[in-house]
Amino acid sequence: MTEKTITEAMPPVRHWPALDLTGVDFDPVLTELMREGPVTRIQLPNGEGWAWLVTRHDDVRMVTNDPRFSREAVMDRQVTRLAPHFIPARGAVGFLDPPDHTRLRRSVAAAFTARGVERVRERSRRMLDELVDELLQDGPPADLTATVLSPFPIAVICELMGVPALDRQSMHTWTQLILSSSHGAEVSEKAKDEMSAYFSKLIGERNGSTGEDVTSLLGAAVGQDEVTLEEAVGLAVLLQIGGEAVTNNSGQLFYILLTRPDLAEQLRAEPGIRPDAIDELLRYIPHRSAVGLSRIATEDVDIKGVRIRAGDAIYVSYLAANRDPDVFPDPEVIDFSRSPNPHVAFGFGPHYCPGGMLARLESELMVDALLDRMPGLRLAVPPDQVPFRKGALIRGPEALPVTW
C-alpha cells in the first residue's frame, strides 16, 4: 500500500471544542466520535496539529499498557490539547515511562495499598462525622460541596500526605488555581511553584523518616538516593492535586443520587450493595472534560486496521471506554447489580491512579454518613439550577444546594 493510499484512508480530523457541560450530561462530541469508529482523529482547542483518539475499552487498555506509547516523549511536543497552558515538570511522574516511572511510584506505594488506606480509615471517619455534625447543627439549607464534599477529601489527602492541618487551606487554594484554566498560565504556574516549594521543604525535613505518610516515605526515599528531591516534589504535587478530584467525583455522585431518589432509596434499603453501587457510579460519571494526557507512538502500531505512525500523538478516552456497549450492556443505564464491572475510571496500565483505593474509601464513607444520618436529604433547588464548574478540566458542581 502506498503512502498516498494510507493518507487517503485516514479518518477526517474532528474539531473538539471546550464545552461547559452541566449535570452529568455526556459530551455530545465524544458520543459522535465513538459512533464514527474505534480510531478517530481530533483537534482540541490548544496546542498544535491533530492526534489520534481511541474510544473502545480493549483499545484504551492496550494503548495505556503498551510500552510503544510513551508519555515521556510528550515533554518536548506541543500536542493538541484541552488545557490552555501545558507546564509539565521534567521528571514528573505523569511524564515518565518505565523503569523510571516504576521506581518513582514504588517509593510511595505503601501509602496507597489496602493497608496504607486502612491506616487513615478511622481518622477519616471521625473527620467526616465532625463535618456532618456541624452541618446538622447549622441546619438547612446548606451547600453540600462547601460543607462536606470539599473539606473532607482535602482533610483525607492531607492526612495521607502528612500535611499539617494548618496548611490544608493553602493546599486547597493552590490546587484550585492549578486546575482552573480561567486564570491564565502565570497564575497556574505560580501556584504550582508555591506548592512545589512547600513540598520541597516538608520532604527535606523528613529526610530519612520512618513515618508512613507520603511525605515521610518520600523523605526516606530521597535520603536513600532512591529518588531525587525534584522527582519526590513532582510526585507529591501530583498526588495532592489528585486527592481533590474526589470533591468533583462525589459532587457528581451525589447530584445523581439527589436527582434520582429511587437510587438513593435503594442504597438506604440495601447498605450491602454500596461498594458495587459506587463502582457503577464511578463508571457512569463523566469526571473530566474531553481527554487528559496524550502519548506518543515510538514505532508504527496498527489498531483496528489503522496505522499509527511513529511520532504520532494519541489519546485514550476512559469516559468512552466506560460506555463501551460490548463490555457494558446498556451503558447509559445505572445498574447497581452490574457484574462484572471492569471500568477504567481510575485509568489503566502503569499510570493507573494510585489513589483509586483511597477515593473508593472516601466515597463509601460519605455515602454511609450522608444517606444514613440525613434520611431527608434532597436538593434545595431544581436540578437545572445546580451550578457546574466552567472552564475547568475536571467536571463537577461548584455548589450543591441541599435541604433536609
# chains A, B, ... in the order shown; residues from 1 in each chain; ligands from 1
$ residues_around --residues "region 211-219 of chain A" --least-positions-apart "2" --cutoff "12 Å" --atoms "only C-alpha atoms" --output "ChimeraX atom specification"
/A:103-113,115-120,156-164,198-209,221-240,354-355
$ select_by_dssp --residues "region 44-124 of chain A" --states "strand (DSSP E or B)" --output "list of chain:residue names"
A:Asn46, A:Glu48, A:Ala51, A:Trp52, A:Leu53, A:Val54, A:Phe69, A:Ser70, A:Val79, A:Arg81
$ write_last_selection --atoms "all heavy atoms" --output "short mmCIF file (atom, residue, chain, number, x, y, z; two decimals), in the first residue's frame"
data_model
loop_
_atom_site.label_atom_id
_atom_site.label_comp_id
_atom_site.auth_asym_id
_atom_site.auth_seq_id
_atom_site.Cartn_x
_atom_site.Cartn_y
_atom_site.Cartn_z
N ASN A 46 -6.31 23.84 22.06
CA ASN A 46 -4.96 24.39 22.25
C ASN A 46 -3.89 23.43 21.73
O ASN A 46 -4.20 22.31 21.34
CB ASN A 46 -4.74 24.69 23.74
CG ASN A 46 -5.69 25.77 24.24
OD1 ASN A 46 -5.57 26.93 23.89
ND2 ASN A 46 -6.67 25.37 25.05
N GLU A 48 -0.89 22.12 19.10
CA GLU A 48 -0.68 22.14 17.64
C GLU A 48 -1.06 20.80 17.01
O GLU A 48 -0.92 19.75 17.63
CB GLU A 48 0.80 22.42 17.34
CG GLU A 48 1.25 23.80 17.79
CD GLU A 48 2.77 23.95 17.77
OE1 GLU A 48 3.45 23.03 17.23
OE2 GLU A 48 3.28 24.95 18.31
N ALA A 51 -4.40 14.70 16.78
CA ALA A 51 -3.98 13.48 17.48
C ALA A 51 -5.00 12.39 17.23
O ALA A 51 -6.17 12.65 16.94
CB ALA A 51 -3.86 13.75 18.99
N TRP A 52 -4.55 11.15 17.36
CA TRP A 52 -5.46 10.01 17.28
C TRP A 52 -6.26 9.92 18.58
O TRP A 52 -5.80 10.36 19.64
CB TRP A 52 -4.69 8.70 17.09
CG TRP A 52 -3.94 8.61 15.80
CD1 TRP A 52 -2.60 8.78 15.60
CD2 TRP A 52 -4.50 8.32 14.51
NE1 TRP A 52 -2.29 8.61 14.28
CE2 TRP A 52 -3.44 8.33 13.58
CE3 TRP A 52 -5.80 8.05 14.06
CZ2 TRP A 52 -3.62 8.09 12.22
CZ3 TRP A 52 -5.99 7.81 12.70
CH2 TRP A 52 -4.92 7.83 11.79
N LEU A 53 -7.44 9.34 18.50
CA LEU A 53 -8.25 9.08 19.69
C LEU A 53 -8.79 7.66 19.61
O LEU A 53 -9.37 7.26 18.59
CB LEU A 53 -9.44 10.06 19.76
CG LEU A 53 -10.47 9.77 20.87
CD1 LEU A 53 -9.89 10.10 22.23
CD2 LEU A 53 -11.77 10.53 20.63
N VAL A 54 -8.59 6.88 20.69
CA VAL A 54 -9.21 5.56 20.75
C VAL A 54 -10.27 5.58 21.85
O VAL A 54 -10.07 6.19 22.91
CB VAL A 54 -8.20 4.41 20.98
CG1 VAL A 54 -7.24 4.29 19.82
CG2 VAL A 54 -7.44 4.56 22.28
N PHE A 69 3.83 3.24 23.41
CA PHE A 69 3.20 4.56 23.52
C PHE A 69 3.78 5.26 24.74
O PHE A 69 3.60 4.81 25.86
CB PHE A 69 1.68 4.43 23.63
CG PHE A 69 1.05 3.83 22.40
CD1 PHE A 69 0.63 2.50 22.40
CD2 PHE A 69 0.92 4.57 21.24
CE1 PHE A 69 0.07 1.94 21.26
CE2 PHE A 69 0.37 4.01 20.10
CZ PHE A 69 -0.06 2.69 20.10
N SER A 70 4.52 6.34 24.50
CA SER A 70 5.33 6.98 25.54
C SER A 70 4.72 8.28 26.06
O SER A 70 4.27 9.12 25.27
CB SER A 70 6.72 7.27 24.98
OG SER A 70 7.41 8.18 25.81
N VAL A 79 1.53 19.08 21.67
CA VAL A 79 0.44 18.25 21.15
C VAL A 79 -0.89 18.98 21.32
O VAL A 79 -1.08 19.71 22.30
CB VAL A 79 0.40 16.89 21.90
CG1 VAL A 79 -0.79 16.05 21.47
CG2 VAL A 79 1.70 16.12 21.68
N ARG A 81 -4.33 19.89 22.60
CA ARG A 81 -4.76 19.59 23.98
C ARG A 81 -5.91 20.50 24.39
O ARG A 81 -6.15 21.54 23.77
CB ARG A 81 -3.59 19.74 24.95
CG ARG A 81 -3.07 21.16 25.01
CD ARG A 81 -1.87 21.34 25.91
NE ARG A 81 -1.57 22.75 26.08
CZ ARG A 81 -0.79 23.45 25.27
NH1 ARG A 81 -0.19 22.85 24.25
NH2 ARG A 81 -0.59 24.73 25.48
#
$ residues_around --residues "region 171-182 of chain A" --least-positions-apart "3" --cutoff "8 Å" --atoms "only C-alpha atoms" --output "PDB file with N, CA and C atoms, in the first residue's frame"
ATOM      1  N   ALA A  83      -6.099  21.809  27.692  1.00  0.00           N
ATOM      2  CA  ALA A  83      -5.580  22.828  28.618  1.00  0.00           C
ATOM      3  C   ALA A  83      -4.924  23.974  27.852  1.00  0.00           C
ATOM      4  N   PRO A  84      -5.240  25.216  28.223  1.00  0.00           N
ATOM      5  CA  PRO A  84      -4.628  26.345  27.521  1.00  0.00           C
ATOM      6  C   PRO A  84      -3.132  26.447  27.771  1.00  0.00           C
ATOM      7  N   HIS A  85      -2.673  25.992  28.960  1.00  0.00           N
ATOM      8  CA  HIS A  85      -1.241  26.023  29.212  1.00  0.00           C
ATOM      9  C   HIS A  85      -0.759  24.616  29.571  1.00  0.00           C
ATOM     10  N   ILE A 154     -10.013  17.047  51.116  1.00  0.00           N
ATOM     11  CA  ILE A 154      -8.791  17.812  51.405  1.00  0.00           C
ATOM     12  C   ILE A 154      -8.169  17.292  52.698  1.00  0.00           C
ATOM     13  N   ASP A 167      -2.119  23.765  57.227  1.00  0.00           N
ATOM     14  CA  ASP A 167      -1.747  24.100  55.841  1.00  0.00           C
ATOM     15  C   ASP A 167      -2.766  23.613  54.808  1.00  0.00           C
ATOM     16  N   ARG A 168      -3.875  23.037  55.274  1.00  0.00           N
ATOM     17  CA  ARG A 168      -4.861  22.480  54.331  1.00  0.00           C
ATOM     18  C   ARG A 168      -5.448  23.537  53.403  1.00  0.00           C
ATOM     19  N   ALA A 185      -1.931  31.188  32.424  1.00  0.00           N
ATOM     20  CA  ALA A 185      -0.775  30.325  32.682  1.00  0.00           C
ATOM     21  C   ALA A 185       0.079  30.824  33.845  1.00  0.00           C
ATOM     22  N   VAL A 187      -0.697  32.512  36.620  1.00  0.00           N
ATOM     23  CA  VAL A 187      -1.283  32.238  37.936  1.00  0.00           C
ATOM     24  C   VAL A 187      -1.146  30.754  38.277  1.00  0.00           C
ATOM     25  N   SER A 188      -1.427  29.906  37.281  1.00  0.00           N
ATOM     26  CA  SER A 188      -1.326  28.463  37.468  1.00  0.00           C
ATOM     27  C   SER A 188       0.114  28.063  37.781  1.00  0.00           C
ATOM     28  N   GLU A 189       1.054  28.624  37.038  1.00  0.00           N
ATOM     29  CA  GLU A 189       2.475  28.317  37.224  1.00  0.00           C
ATOM     30  C   GLU A 189       2.954  28.771  38.602  1.00  0.00           C
ATOM     31  N   ALA A 191       1.142  29.132  41.346  1.00  0.00           N
ATOM     32  CA  ALA A 191       0.567  28.245  42.358  1.00  0.00           C
ATOM     33  C   ALA A 191       1.337  26.928  42.423  1.00  0.00           C
ATOM     34  N   LYS A 192       1.714  26.416  41.232  1.00  0.00           N
ATOM     35  CA  LYS A 192       2.463  25.156  41.177  1.00  0.00           C
ATOM     36  C   LYS A 192       3.846  25.329  41.815  1.00  0.00           C
ATOM     37  N   GLU A 194       4.630  27.491  44.151  1.00  0.00           N
ATOM     38  CA  GLU A 194       4.473  27.653  45.597  1.00  0.00           C
ATOM     39  C   GLU A 194       4.215  26.301  46.280  1.00  0.00           C
ATOM     40  N   MET A 195       3.367  25.474  45.658  1.00  0.00           N
ATOM     41  CA  MET A 195       3.116  24.145  46.228  1.00  0.00           C
ATOM     42  C   MET A 195       4.393  23.305  46.182  1.00  0.00           C
ATOM     43  N   GLN A 240      -1.211  15.293  45.662  1.00  0.00           N
ATOM     44  CA  GLN A 240      -2.016  16.260  46.418  1.00  0.00           C
ATOM     45  C   GLN A 240      -3.159  16.800  45.555  1.00  0.00           C
ATOM     46  N   ILE A 241      -2.836  17.175  44.318  1.00  0.00           N
ATOM     47  CA  ILE A 241      -3.859  17.709  43.404  1.00  0.00           C
ATOM     48  C   ILE A 241      -4.889  16.625  43.102  1.00  0.00           C
ATOM     49  N   GLU A 244      -7.960  15.968  45.365  1.00  0.00           N
ATOM     50  CA  GLU A 244      -9.158  16.813  45.329  1.00  0.00           C
ATOM     51  C   GLU A 244     -10.118  16.413  44.212  1.00  0.00           C
ATOM     52  N   GLY A 391     -15.017  26.303  32.520  1.00  0.00           N
ATOM     53  CA  GLY A 391     -13.596  26.495  32.217  1.00  0.00           C
ATOM     54  C   GLY A 391     -12.677  25.612  33.039  1.00  0.00           C
ATOM     55  N   ALA A 392     -13.167  24.447  33.460  1.00  0.00           N
ATOM     56  CA  ALA A 392     -12.344  23.547  34.282  1.00  0.00           C
ATOM     57  C   ALA A 392     -12.047  22.265  33.518  1.00  0.00           C
ATOM     58  N   LEU A 393     -10.893  21.678  33.806  1.00  0.00           N
ATOM     59  CA  LEU A 393     -10.514  20.428  33.149  1.00  0.00           C
ATOM     60  C   LEU A 393     -11.275  19.261  33.774  1.00  0.00           C
ATOM     61  N   ILE A 394     -11.582  19.395  35.074  1.00  0.00           N
ATOM     62  CA  ILE A 394     -12.294  18.348  35.809  1.00  0.00           C
ATOM     63  C   ILE A 394     -13.737  18.816  36.008  1.00  0.00           C
TER      64      ILE A 394
END
$ atom_distance --atom1 "CA of Leu96 (chain A)" --atom2 "CA of Gly184 (chain A)"
25.8 Å
$ residues_around --residues "Phe95 (chain A)" --least-positions-apart "5" --cutoff "12 Å" --atoms "only C-alpha atoms" --output "ChimeraX atom specification"
/A:69-77,87-90,100-102,104,231,234-235,238,293-296,350-351
$ closest_residue --among "A:Glu299, A:Asp368, A:Arg360, A:Arg307" --to "Arg268 (chain A)" --atoms "only C-alpha atoms"
A:Asp368
$ residues_around --residues "region 35-37 of chain A" --least-positions-apart "2" --cutoff "9 Å" --atoms "only C-alpha atoms" --output "list of chain:residue names"
A:Pro11, A:Leu30, A:Thr31, A:Glu32, A:Leu33, A:Val39, A:Thr40, A:Val54, A:Thr55, A:Arg56
$ atom_distance --atom1 "CA of Asp262 (chain A)" --atom2 "CA of Asn322 (chain A)"
22.8 Å
$ select_by_dssp --residues "region 94-280 of chain A" --states "helix (DSSP H, G or I)" --output "ChimeraX atom specification"
/A:94-95,100-106,109-112,114-119,121-138,144-149,151-161,165-179,185-205,214-223,229-243,245-259,261-269,271-280
$ atom_distance --atom1 "CA of Gly139 (chain A)" --atom2 "CA of Leu371 (chain A)"
16.2 Å
$ residues_around --residues "Gly376 (chain A)" --least-positions-apart "5" --cutoff "12 Å" --atoms "only C-alpha atoms" --output "count of residues only"
12
$ closest_residue --among "A:Val132, A:Phe348, A:Leu253, A:Leu149" --to "Asp372 (chain A)" --atoms "only C-alpha atoms"
A:Val132
$ closest_residue --among "A:Pro271, A:Pro98, A:Pro286, A:Pro401" --to "Thr147 (chain A)" --atoms "only C-alpha atoms"
A:Pro401
$ residues_around --residues "Gly356 (chain A)" --least-positions-apart "3" --cutoff "10 Å" --atoms "only C-alpha atoms" --output "list in words"
Phe112, Thr113, Gly243, Val246, Ala345, Phe346, Gly347, Tyr352, Cys353, Ala359, Arg360 and Leu361 of chain A
$ decode --residues "region 163-180 of chain A" --atoms "N, CA, C and O atoms" --output "compact mmCIF listing (two decimals), in the first residue's frame"
# COMPACT_ATOMS: atom_id res chain seq x y z
N VAL A 163 0.52 16.30 55.51
CA VAL A 163 0.48 17.77 55.52
C VAL A 163 -0.26 18.21 56.78
O VAL A 163 -1.39 17.78 57.02
N PRO A 164 0.34 19.08 57.62
CA PRO A 164 -0.33 19.52 58.84
C PRO A 164 -1.68 20.21 58.56
O PRO A 164 -1.84 20.86 57.52
N ALA A 165 -2.62 20.05 59.50
CA ALA A 165 -3.97 20.59 59.33
C ALA A 165 -3.96 22.09 59.05
O ALA A 165 -4.78 22.59 58.28
N LEU A 166 -3.02 22.81 59.65
CA LEU A 166 -2.95 24.27 59.46
C LEU A 166 -2.71 24.67 58.01
O LEU A 166 -3.03 25.78 57.61
N ASP A 167 -2.12 23.76 57.23
CA ASP A 167 -1.75 24.10 55.84
C ASP A 167 -2.77 23.61 54.81
O ASP A 167 -2.55 23.76 53.60
N ARG A 168 -3.88 23.04 55.27
CA ARG A 168 -4.86 22.48 54.33
C ARG A 168 -5.45 23.54 53.40
O ARG A 168 -5.64 23.29 52.22
N GLN A 169 -5.76 24.71 53.96
CA GLN A 169 -6.39 25.74 53.14
C GLN A 169 -5.46 26.21 52.02
O GLN A 169 -5.89 26.42 50.89
N SER A 170 -4.17 26.35 52.33
CA SER A 170 -3.19 26.74 51.29
C SER A 170 -3.17 25.69 50.18
O SER A 170 -3.14 26.03 48.99
N MET A 171 -3.17 24.41 50.57
CA MET A 171 -3.16 23.32 49.59
C MET A 171 -4.38 23.41 48.67
O MET A 171 -4.27 23.26 47.45
N HIS A 172 -5.52 23.67 49.27
CA HIS A 172 -6.77 23.76 48.51
C HIS A 172 -6.71 24.92 47.52
O HIS A 172 -7.05 24.78 46.34
N THR A 173 -6.25 26.07 47.98
CA THR A 173 -6.17 27.26 47.12
C THR A 173 -5.23 27.01 45.94
O THR A 173 -5.56 27.29 44.79
N TRP A 174 -4.04 26.46 46.24
CA TRP A 174 -3.08 26.17 45.15
C TRP A 174 -3.70 25.19 44.14
O TRP A 174 -3.58 25.40 42.93
N THR A 175 -4.34 24.14 44.64
CA THR A 175 -4.92 23.13 43.75
C THR A 175 -5.95 23.74 42.82
O THR A 175 -5.96 23.47 41.61
N GLN A 176 -6.84 24.59 43.36
CA GLN A 176 -7.87 25.22 42.54
C GLN A 176 -7.25 26.07 41.44
O GLN A 176 -7.71 26.08 40.30
N LEU A 177 -6.20 26.80 41.77
CA LEU A 177 -5.54 27.67 40.78
C LEU A 177 -4.82 26.84 39.71
O LEU A 177 -4.82 27.19 38.53
N ILE A 178 -4.25 25.70 40.11
CA ILE A 178 -3.54 24.85 39.16
C ILE A 178 -4.54 24.19 38.21
O ILE A 178 -4.29 24.07 37.01
N LEU A 179 -5.71 23.78 38.73
CA LEU A 179 -6.68 23.03 37.93
C LEU A 179 -7.59 23.91 37.07
O LEU A 179 -8.25 23.43 36.17
N SER A 180 -7.65 25.20 37.35
CA SER A 180 -8.55 26.06 36.59
C SER A 180 -7.85 26.58 35.34
O SER A 180 -6.65 26.86 35.36
